[in-house]
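Just my_file_6.txt here, compact mmCIF, C-alpha atoms and all ligand atoms:
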```txt
# COMPACT_ATOMS: atom_id res chain seq x y z
CA MET Z 28 0.00 0.00 0.00
CA SER Z 29 1.46 3.36 -1.00
CA LEU Z 30 0.27 6.91 -0.44
CA LYS Z 31 3.22 8.41 -2.27
CA SER Z 32 2.65 11.96 -3.53
CA ARG Z 33 -0.67 12.26 -1.66
CA THR Z 34 -1.31 15.25 0.58
CA ILE Z 35 -3.40 14.27 3.59
CA ILE Z 36 -4.83 16.46 6.36
CA VAL Z 37 -4.95 14.93 9.87
CA THR Z 38 -6.89 16.92 12.46
CA GLY Z 39 -6.09 16.33 16.09
CA GLY Z 40 -2.71 15.18 14.75
CA GLY Z 41 -0.81 16.29 17.81
CA SER Z 42 -1.86 13.43 20.08
CA GLY Z 43 -3.24 9.91 20.37
CA ILE Z 44 -4.98 8.42 17.33
CA GLY Z 45 -4.23 11.47 15.14
CA ALA Z 46 -0.49 11.45 15.89
CA ALA Z 47 -0.24 7.68 15.28
CA THR Z 48 -2.12 8.07 11.99
CA ALA Z 49 0.03 11.00 10.87
CA ARG Z 50 3.18 8.89 11.51
CA HIS Z 51 1.69 5.91 9.68
CA LEU Z 52 0.53 7.93 6.66
CA ALA Z 53 3.97 9.56 6.42
CA SER Z 54 5.63 6.13 6.54
CA LEU Z 55 3.50 5.18 3.52
CA GLY Z 56 4.82 8.20 1.60
CA ALA Z 57 2.09 10.80 2.15
CA SER Z 58 2.82 14.46 2.85
CA VAL Z 59 0.92 15.07 6.07
CA ALA Z 60 -0.66 18.34 7.16
CA ILE Z 61 -0.93 18.00 10.91
CA VAL Z 62 -3.74 20.19 12.21
CA ASP Z 63 -4.30 20.85 15.89
CA VAL Z 64 -5.47 23.58 18.24
CA ALA Z 65 -2.46 22.73 20.44
CA ASP Z 66 1.18 22.66 19.41
CA ALA Z 67 1.96 19.55 17.34
CA SER Z 68 5.50 20.39 16.27
CA SER Z 69 6.96 17.40 18.14
CA VAL Z 70 5.01 15.01 15.87
CA VAL Z 71 6.20 16.97 12.81
CA ASP Z 72 9.82 16.76 14.06
CA GLU Z 73 9.51 13.03 14.67
CA ILE Z 74 8.18 12.42 11.14
CA SER Z 75 10.78 14.71 9.55
CA SER Z 76 13.66 13.05 11.40
CA SER Z 77 12.61 9.66 10.08
CA GLY Z 78 12.60 10.97 6.50
CA GLY Z 79 8.89 11.75 6.13
CA VAL Z 80 7.13 14.94 5.09
CA ALA Z 81 4.90 16.76 7.57
CA GLU Z 82 3.96 20.31 8.45
CA PHE Z 83 1.98 21.80 11.34
CA PHE Z 84 -1.09 23.99 10.69
CA ARG Z 85 -2.70 25.41 13.82
CA ALA Z 86 -6.50 25.57 13.65
CA ASP Z 87 -9.51 25.09 15.90
CA VAL Z 88 -11.84 22.81 13.95
CA SER Z 89 -14.89 24.37 15.60
CA SER Z 90 -14.13 27.64 13.78
CA SER Z 91 -15.37 27.71 10.20
CA VAL Z 92 -13.04 30.63 9.42
CA GLN Z 93 -9.97 28.85 10.79
CA VAL Z 94 -10.78 25.62 8.95
CA GLU Z 95 -11.26 27.47 5.65
CA GLU Z 96 -7.91 29.25 6.13
CA MET Z 97 -6.21 25.98 7.10
CA VAL Z 98 -7.43 24.07 4.03
CA ASP Z 99 -6.40 26.98 1.78
CA ALA Z 100 -2.97 27.05 3.44
CA VAL Z 101 -2.49 23.28 2.99
CA ALA Z 102 -3.51 23.50 -0.70
CA ALA Z 103 -1.17 26.46 -1.21
CA ARG Z 104 1.75 24.66 0.49
CA PHE Z 105 1.36 21.22 -1.14
CA GLY Z 106 -0.54 22.11 -4.33
CA ARG Z 107 -3.64 19.99 -3.59
CA VAL Z 108 -5.57 18.08 -0.93
CA ASP Z 109 -5.96 14.36 -1.70
CA GLY Z 110 -7.12 13.02 1.63
CA ALA Z 111 -8.26 13.95 5.11
CA PHE Z 112 -8.67 12.31 8.50
CA ASN Z 113 -11.17 14.41 10.47
CA ASN Z 114 -10.28 13.17 13.91
CA ALA Z 115 -9.95 16.10 16.34
CA GLY Z 116 -12.29 15.72 19.26
CA VAL Z 117 -12.89 16.13 22.96
CA GLU Z 118 -14.18 13.66 25.51
CA GLN Z 119 -17.39 13.61 27.49
CA CYS Z 120 -17.72 15.41 30.84
CA ASN Z 121 -18.75 12.18 32.65
CA LEU Z 122 -22.03 13.62 33.95
CA PRO Z 123 -25.58 12.35 33.69
CA LEU Z 124 -27.59 14.29 31.13
CA HIS Z 125 -29.55 16.38 33.66
CA GLU Z 126 -26.34 17.71 35.20
CA LEU Z 127 -24.80 18.87 31.91
CA THR Z 128 -24.67 22.63 31.45
CA SER Z 129 -25.59 24.19 28.12
CA ALA Z 130 -21.94 25.22 27.75
CA GLN Z 131 -20.76 21.60 28.16
CA TRP Z 132 -23.33 20.40 25.63
CA ASP Z 133 -22.42 23.18 23.18
CA ARG Z 134 -18.68 22.48 23.46
CA ALA Z 135 -19.05 18.80 22.55
CA ILE Z 136 -21.36 19.55 19.63
CA ARG Z 137 -19.18 22.44 18.41
CA ILE Z 138 -15.92 20.47 18.41
CA ASP Z 139 -16.97 16.82 17.87
CA LEU Z 140 -19.76 17.42 15.33
CA THR Z 141 -19.60 20.93 13.84
CA GLY Z 142 -15.81 20.49 13.66
CA VAL Z 143 -16.29 17.53 11.32
CA PHE Z 144 -18.84 19.49 9.25
CA ASN Z 145 -16.42 22.44 8.90
CA CYS Z 146 -13.61 20.14 7.77
CA LEU Z 147 -15.79 18.17 5.34
CA LYS Z 148 -17.07 21.38 3.77
CA TYR Z 149 -13.73 23.00 3.02
CA GLU Z 150 -11.96 19.73 2.17
CA ALA Z 151 -14.74 18.94 -0.34
CA ILE Z 152 -14.36 22.39 -1.91
CA ALA Z 153 -10.61 21.78 -2.32
CA MET Z 154 -11.01 18.20 -3.59
CA LEU Z 155 -13.71 19.11 -6.12
CA LYS Z 156 -11.21 21.50 -7.74
CA THR Z 157 -8.71 18.68 -8.33
CA GLY Z 158 -10.99 15.79 -9.24
CA GLY Z 159 -11.65 14.05 -5.92
CA GLY Z 160 -10.13 12.45 -2.88
CA ALA Z 161 -10.83 10.34 0.19
CA ILE Z 162 -11.98 11.37 3.66
CA VAL Z 163 -12.24 9.43 6.91
CA ASN Z 164 -14.06 10.79 9.97
CA THR Z 165 -13.42 9.56 13.50
CA ALA Z 166 -16.74 8.44 14.94
CA SER Z 167 -16.81 5.97 17.87
CA GLY Z 168 -18.36 2.78 19.18
CA LEU Z 169 -20.52 5.38 20.92
CA SER Z 170 -21.87 6.34 17.47
CA LYS Z 171 -24.03 3.22 17.72
CA VAL Z 172 -24.61 2.55 21.42
CA ALA Z 173 -24.43 4.51 24.67
CA ILE Z 174 -22.66 4.23 28.02
CA PRO Z 175 -23.76 6.12 31.13
CA ASN Z 176 -22.70 9.76 31.64
CA ALA Z 177 -21.76 10.60 28.05
CA ALA Z 178 -24.91 12.09 26.45
CA GLU Z 179 -23.22 15.03 24.73
CA TYR Z 180 -20.44 12.82 23.30
CA VAL Z 181 -22.83 10.03 22.26
CA ALA Z 182 -25.08 12.56 20.49
CA ALA Z 183 -22.18 14.24 18.70
CA LYS Z 184 -20.65 10.92 17.60
CA HIS Z 185 -24.00 9.61 16.34
CA GLY Z 186 -24.09 12.82 14.30
CA VAL Z 187 -20.65 12.11 12.83
CA VAL Z 188 -22.01 8.88 11.32
CA GLY Z 189 -24.96 10.79 9.85
CA LEU Z 190 -22.63 13.40 8.38
CA THR Z 191 -20.41 10.67 6.92
CA LEU Z 192 -23.34 9.02 5.13
CA ALA Z 193 -24.65 12.40 3.92
CA ALA Z 194 -21.27 13.46 2.55
CA ALA Z 195 -20.80 10.04 0.89
CA ALA Z 196 -24.17 10.59 -0.81
CA ASP Z 197 -23.31 14.13 -1.93
CA TYR Z 198 -19.89 13.31 -3.39
CA GLY Z 199 -20.01 9.65 -4.51
CA ARG Z 200 -20.43 10.62 -8.16
CA ARG Z 201 -17.95 13.46 -7.89
CA GLY Z 202 -14.89 11.43 -6.94
CA ILE Z 203 -14.81 11.85 -3.17
CA ARG Z 204 -15.15 8.79 -0.92
CA VAL Z 205 -16.23 9.46 2.68
CA ASN Z 206 -16.05 6.84 5.42
CA ALA Z 207 -15.91 6.67 9.21
CA VAL Z 208 -13.90 4.61 11.66
CA LEU Z 209 -15.58 3.63 14.91
CA PRO Z 210 -12.84 2.93 17.45
CA GLY Z 211 -13.46 1.06 20.67
CA VAL Z 212 -11.51 2.33 23.65
CA VAL Z 213 -7.99 3.31 22.60
CA ASN Z 214 -5.05 3.93 24.94
CA THR Z 215 -4.51 7.65 24.35
CA PRO Z 216 -4.14 10.77 26.50
CA MET Z 217 -7.92 11.28 26.13
CA ILE Z 218 -8.64 7.96 27.82
CA MET Z 219 -6.04 8.65 30.49
CA ARG Z 220 -7.93 11.88 31.30
CA VAL Z 221 -11.34 10.17 31.28
CA SER Z 222 -10.01 7.37 33.48
CA ARG Z 223 -9.19 9.80 36.28
CA ASP Z 224 -12.91 10.38 36.75
CA PRO Z 225 -14.50 8.03 39.33
CA GLU Z 226 -17.74 8.05 37.31
CA PHE Z 227 -15.87 6.40 34.40
CA VAL Z 228 -13.78 4.11 36.60
CA GLU Z 229 -16.98 2.67 38.01
CA HIS Z 230 -17.90 1.41 34.51
CA VAL Z 231 -14.43 0.67 33.09
CA ASP Z 232 -14.43 -3.09 33.74
CA ALA Z 233 -17.83 -3.47 32.05
CA ILE Z 234 -16.60 -1.41 29.10
CA ARG Z 235 -13.41 -3.51 28.76
CA ASP Z 236 -15.46 -6.70 28.99
CA ARG Z 237 -17.53 -5.58 26.01
CA HIS Z 238 -14.35 -5.68 23.88
CA LEU Z 239 -14.35 -9.29 22.64
CA LEU Z 240 -10.56 -9.21 22.37
CA GLY Z 241 -10.43 -8.46 26.12
CA ARG Z 242 -8.28 -5.36 25.82
CA PHE Z 243 -8.26 -1.75 24.63
CA ALA Z 244 -6.62 -0.72 21.33
CA GLU Z 245 -3.28 0.92 20.66
CA PRO Z 246 -3.52 4.04 18.45
CA VAL Z 247 -1.58 2.45 15.58
CA GLU Z 248 -4.31 -0.20 15.25
CA ILE Z 249 -6.75 2.58 14.31
CA ALA Z 250 -4.13 4.20 12.05
CA GLU Z 251 -3.83 0.99 10.00
CA ALA Z 252 -7.56 0.99 9.19
CA VAL Z 253 -7.65 4.72 8.43
CA SER Z 254 -4.67 4.45 6.08
CA TRP Z 255 -6.37 1.64 4.18
CA LEU Z 256 -9.62 3.62 3.85
CA LEU Z 257 -7.63 6.59 2.51
CA SER Z 258 -5.75 4.44 -0.01
CA ASP Z 259 -6.70 3.25 -3.49
CA GLN Z 260 -7.03 -0.25 -2.02
CA ALA Z 261 -10.40 0.96 -0.68
CA ALA Z 262 -11.49 2.42 -4.04
CA PHE Z 263 -15.00 0.89 -3.84
CA VAL Z 264 -15.59 1.73 -0.18
CA THR Z 265 -17.70 4.77 0.62
CA GLY Z 266 -20.35 5.50 3.23
CA ALA Z 267 -18.89 2.72 5.39
CA THR Z 268 -18.83 2.86 9.17
CA LEU Z 269 -15.90 0.60 10.00
CA ALA Z 270 -15.77 -0.62 13.59
CA VAL Z 271 -12.15 -0.95 14.72
CA ASP Z 272 -13.19 -1.87 18.19
CA GLY Z 273 -11.99 -5.31 19.23
CA GLY Z 274 -15.58 -6.51 19.05
CA PHE Z 275 -17.11 -3.82 21.30
CA LEU Z 276 -20.16 -3.40 19.04
CA ALA Z 277 -20.53 -7.13 18.42
CA ASN Z 278 -21.08 -7.86 22.11
N1 LIG U 1 -9.37 7.22 22.78
C1 LIG U 1 -10.51 6.55 22.62
O1 LIG U 1 -10.82 5.59 23.35
C2 LIG U 1 -11.47 6.95 21.52
C3 LIG U 1 -12.49 6.05 21.19
C4 LIG U 1 -13.38 6.39 20.16
C5 LIG U 1 -13.22 7.59 19.50
N2 LIG U 1 -12.22 8.42 19.85
C6 LIG U 1 -12.10 9.67 19.11
O2 LIG U 1 -10.83 9.69 18.49
C7 LIG U 1 -10.43 11.05 18.28
C8 LIG U 1 -9.04 11.25 18.81
O3 LIG U 1 -9.06 10.96 20.19
P1 LIG U 1 -7.73 10.63 21.03
O4 LIG U 1 -8.14 9.58 21.98
O5 LIG U 1 -6.58 10.45 20.13
O6 LIG U 1 -7.63 11.99 21.88
P2 LIG U 1 -6.41 12.93 22.28
O7 LIG U 1 -6.95 13.84 23.32
O8 LIG U 1 -5.21 12.11 22.58
O9 LIG U 1 -6.14 13.75 20.94
C9 LIG U 1 -7.10 14.67 20.45
C10 LIG U 1 -6.39 15.80 19.73
O10 LIG U 1 -7.38 16.67 19.21
C11 LIG U 1 -6.97 18.01 19.44
N3 LIG U 1 -8.13 18.89 19.49
C12 LIG U 1 -9.07 18.96 20.47
N4 LIG U 1 -9.95 19.93 20.19
C13 LIG U 1 -9.56 20.47 19.00
C14 LIG U 1 -10.08 21.52 18.20
N5 LIG U 1 -11.15 22.22 18.56
N6 LIG U 1 -9.44 21.81 17.05
C15 LIG U 1 -8.33 21.12 16.67
N7 LIG U 1 -7.80 20.13 17.41
C16 LIG U 1 -8.41 19.83 18.56
C17 LIG U 1 -6.24 17.95 20.78
O11 LIG U 1 -5.39 19.08 20.97
C18 LIG U 1 -5.48 16.63 20.66
O12 LIG U 1 -4.22 16.82 20.06
C19 LIG U 1 -11.51 11.91 18.95
O13 LIG U 1 -12.44 12.33 17.98
C20 LIG U 1 -12.17 10.93 19.91
O14 LIG U 1 -13.48 11.32 20.21
C21 LIG U 1 -11.33 8.13 20.83
```
Rewrite the coordinates I just gave you, this time as structure tokens.
Ligand SMILES: NC(=O)c1ccc[n+]([C@@H]2O[C@H](COP(=O)([O-])OP(=O)(O)OC[C@H]3O[C@@H](n4cnc5c(N)ncnc54)[C@H](O)[C@@H]3O)[C@@H](O)[C@H]2O)c1
Amino acid sequence: MSLKSRTIIVTGGGSGIGAATARHLASLGASVAIVDVADASSVVDEISSSGGVAEFFRADVSSSVQVEEMVDAVAARFGRVDGAFNNAGVEQCNLPLHELTSAQWDRAIRIDLTGVFNCLKYEAIAMLKTGGGAIVNTASGLSKVAIPNAAEYVAAKHGVVGLTLAAAADYGRRGIRVNAVLPGVVNTPMIMRVSRDPEFVEHVDAIRDRHLLGRFAEPVEIAEAVSWLLSDQAAFVTGATLAVDGGFLAN
């Protein structure tokens, strides 16, 4: 599998699943635009020092203006946008629905759902100019089922699946494939943060038990699936919601 001479945007590329995917895409020959609201230069340095091509573009995906500027800047730097992994996101607040504030609800929807819409919109505009591309959105096992104390996250991630299907329908005949990965629990800084909350810890054994493989994932295991979906090997795959979840949704 080669992604040589492809330019691929990775949002949330500074940490966890995004950083692992950026490294993996670069190892397959892609030029990677690492997008994050926080500094991601260490991931860029790591890729560059192992001979890959990567550049950092700072943007908050919840801002339509910043996403438009970021996609324009990537296209100007690399000449085109061939692929995108819309992955930036924030975790749930670990509260039952009736204790969520409007601000907590709005934040999850703004970043985890509107962020994906903003990226899809401007990536599609760029890709339509050059004849097409491939996009993968990060949804979640919680795009299909719920756990306690995660209403805002569950709602946003269900929306990401809806957006993925809608975008696949809009662009299927115009050369853009759009798919989603649905990770189970992945060992990343996000999960380390969530795990500090007693409300999550109370349910963690039950959540692990739902993974038929009996363990959580490593970020590179998600990166492998994303890279395949972005490659020509997945040329007939669009509108798919690919569970990469150790059997979480099968249980
Ligand atoms: N870790 C898991 O168990 C798990 C499971 C299913 C889905 N996911 C999803 O995978 C994605 C990545 O999660 P992770 O576990 O790697 O988390 P992480 O916290 O390790 O990384 C998320 C990255 O996104 C960036 N980010 C956050 N808000 C942003 C914004 N507004 N604009 C741009 N960048 C922003 C952060 O700075 C960080 O670098 C998220 O969408 C998450 O919901 C994670």
Query raised in the report: If you count all atoms listed in the file, which residues end up within 7 Å of ligand LIG 1 (chain U), as JSON, numbers by chain?
Result: {"Z": [38, 39, 40, 41, 42, 43, 44, 45, 62, 63, 64, 65, 86, 87, 88, 89, 114, 115, 116, 117, 118, 138, 139, 142, 165, 166, 167, 168, 209, 210, 211, 212, 213, 214, 215, 216, 217, 218]}
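Closest approach to Z:His125 among Z:Met219, Z:Ile249, Z:Cys146, Z:Ala178: Z:Ala178, based on all atoms listed in the file.
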Report task. May I have the residues within 9 Å of Z:Ala250 as a ChimeraX atom specification, using only C-alpha atoms and disregarding those fewer than 5 positions away in the same chain? Result -> /Z:44-52,255
Could you write out that same residue set with C-alpha atoms as a tab-separated table (two decimals), in the frame of the given file?
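Final output, saved to out_12.tsv:
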```tsv
chain	number	residue	atom	x	y	z
Z	44	ILE	CA	-4.98	8.42	17.33
Z	45	GLY	CA	-4.23	11.47	15.14
Z	46	ALA	CA	-0.49	11.45	15.89
Z	47	ALA	CA	-0.24	7.68	15.28
Z	48	THR	CA	-2.12	8.07	11.99
Z	49	ALA	CA	0.03	11.00	10.87
Z	50	ARG	CA	3.18	8.89	11.51
Z	51	HIS	CA	1.69	5.91	9.68
Z	52	LEU	CA	0.53	7.93	6.66
Z	255	TRP	CA	-6.37	1.64	4.18
```
Report summary line: Separating atom CA of Z:Tyr180 from atom CA of Z:Asn121, to the nearest tenth of an Å, is a gap of 9.5 Å
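Counting all atoms listed in the file, the residue from Z:Ala177, Z:Val187, Z:Ile234, Z:Val59 that sits nearest to Z:Leu122 is Z:Ala177.
Note that atom CA of Z:Val208 and atom CA of Z:Leu269 are 4.8 Å apart.
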Report task. Choose the residue, out of Z:Ser68, Z:Ala161, Z:Arg242, Z:Glu179, that has the smallest atom-to-atom separation from Z:Ala130; count only C-alpha atoms. Result -> Z:Glu179
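As for atom CA of Z:Phe243 and atom CA of Z:Pro123, they are spaced 24.1 Å apart.
Shortest atom-to-atom contact with Z:Ala111 among Z:Val228, Z:Leu169, Z:Ile203, Z:Ala267: Z:Ile203, counting all atoms listed in the file.
Using all atoms listed in the file, the nearest neighbour of Z:Glu251 within the list Z:Ser54, Z:Ser129, Z:Thr268, Z:Ser222 is Z:Ser54.
Between Z:Leu155 and the residues Z:Arg107, Z:Arg201, Z:Arg220, Z:Arg237, the shortest atom-to-atom distance, using all atoms listed in the file, involves Z:Arg201.
When the distance limit is 8 Å and all atoms listed in the file are what count, the residues near Z:Thr191, minus those fewer than 6 positions from it on the same chain, are Z:Asn164, Z:Val205, Z:Asn206, Z:Ala207, Z:Gly266.
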**Report entry** Surrounding residues of Z:Ala81 excluding itself and chain neighbours under 6 positions, 10 Å, all atoms listed in the file, as JSON, numbers by chain
**Finding:** {"Z": [34, 35, 36, 49, 50, 52, 53, 57, 58, 59, 60, 61, 68, 70, 71, 72, 73, 74, 75]}
Restricted to C-alpha atoms, what would the selected residues look like written as a compact mmCIF listing (two decimals), keeping the file's coordinate frame?
```
# COMPACT_ATOMS: atom_id res chain seq x y z
CA THR Z 34 -1.31 15.25 0.58
CA ILE Z 35 -3.40 14.27 3.59
CA ILE Z 36 -4.83 16.46 6.36
CA ALA Z 49 0.03 11.00 10.87
CA ARG Z 50 3.18 8.89 11.51
CA LEU Z 52 0.53 7.93 6.66
CA ALA Z 53 3.97 9.56 6.42
CA ALA Z 57 2.09 10.80 2.15
CA SER Z 58 2.82 14.46 2.85
CA VAL Z 59 0.92 15.07 6.07
CA ALA Z 60 -0.66 18.34 7.16
CA ILE Z 61 -0.93 18.00 10.91
CA SER Z 68 5.50 20.39 16.27
CA VAL Z 70 5.01 15.01 15.87
CA VAL Z 71 6.20 16.97 12.81
CA ASP Z 72 9.82 16.76 14.06
CA GLU Z 73 9.51 13.03 14.67
CA ILE Z 74 8.18 12.42 11.14
CA SER Z 75 10.78 14.71 9.55
```
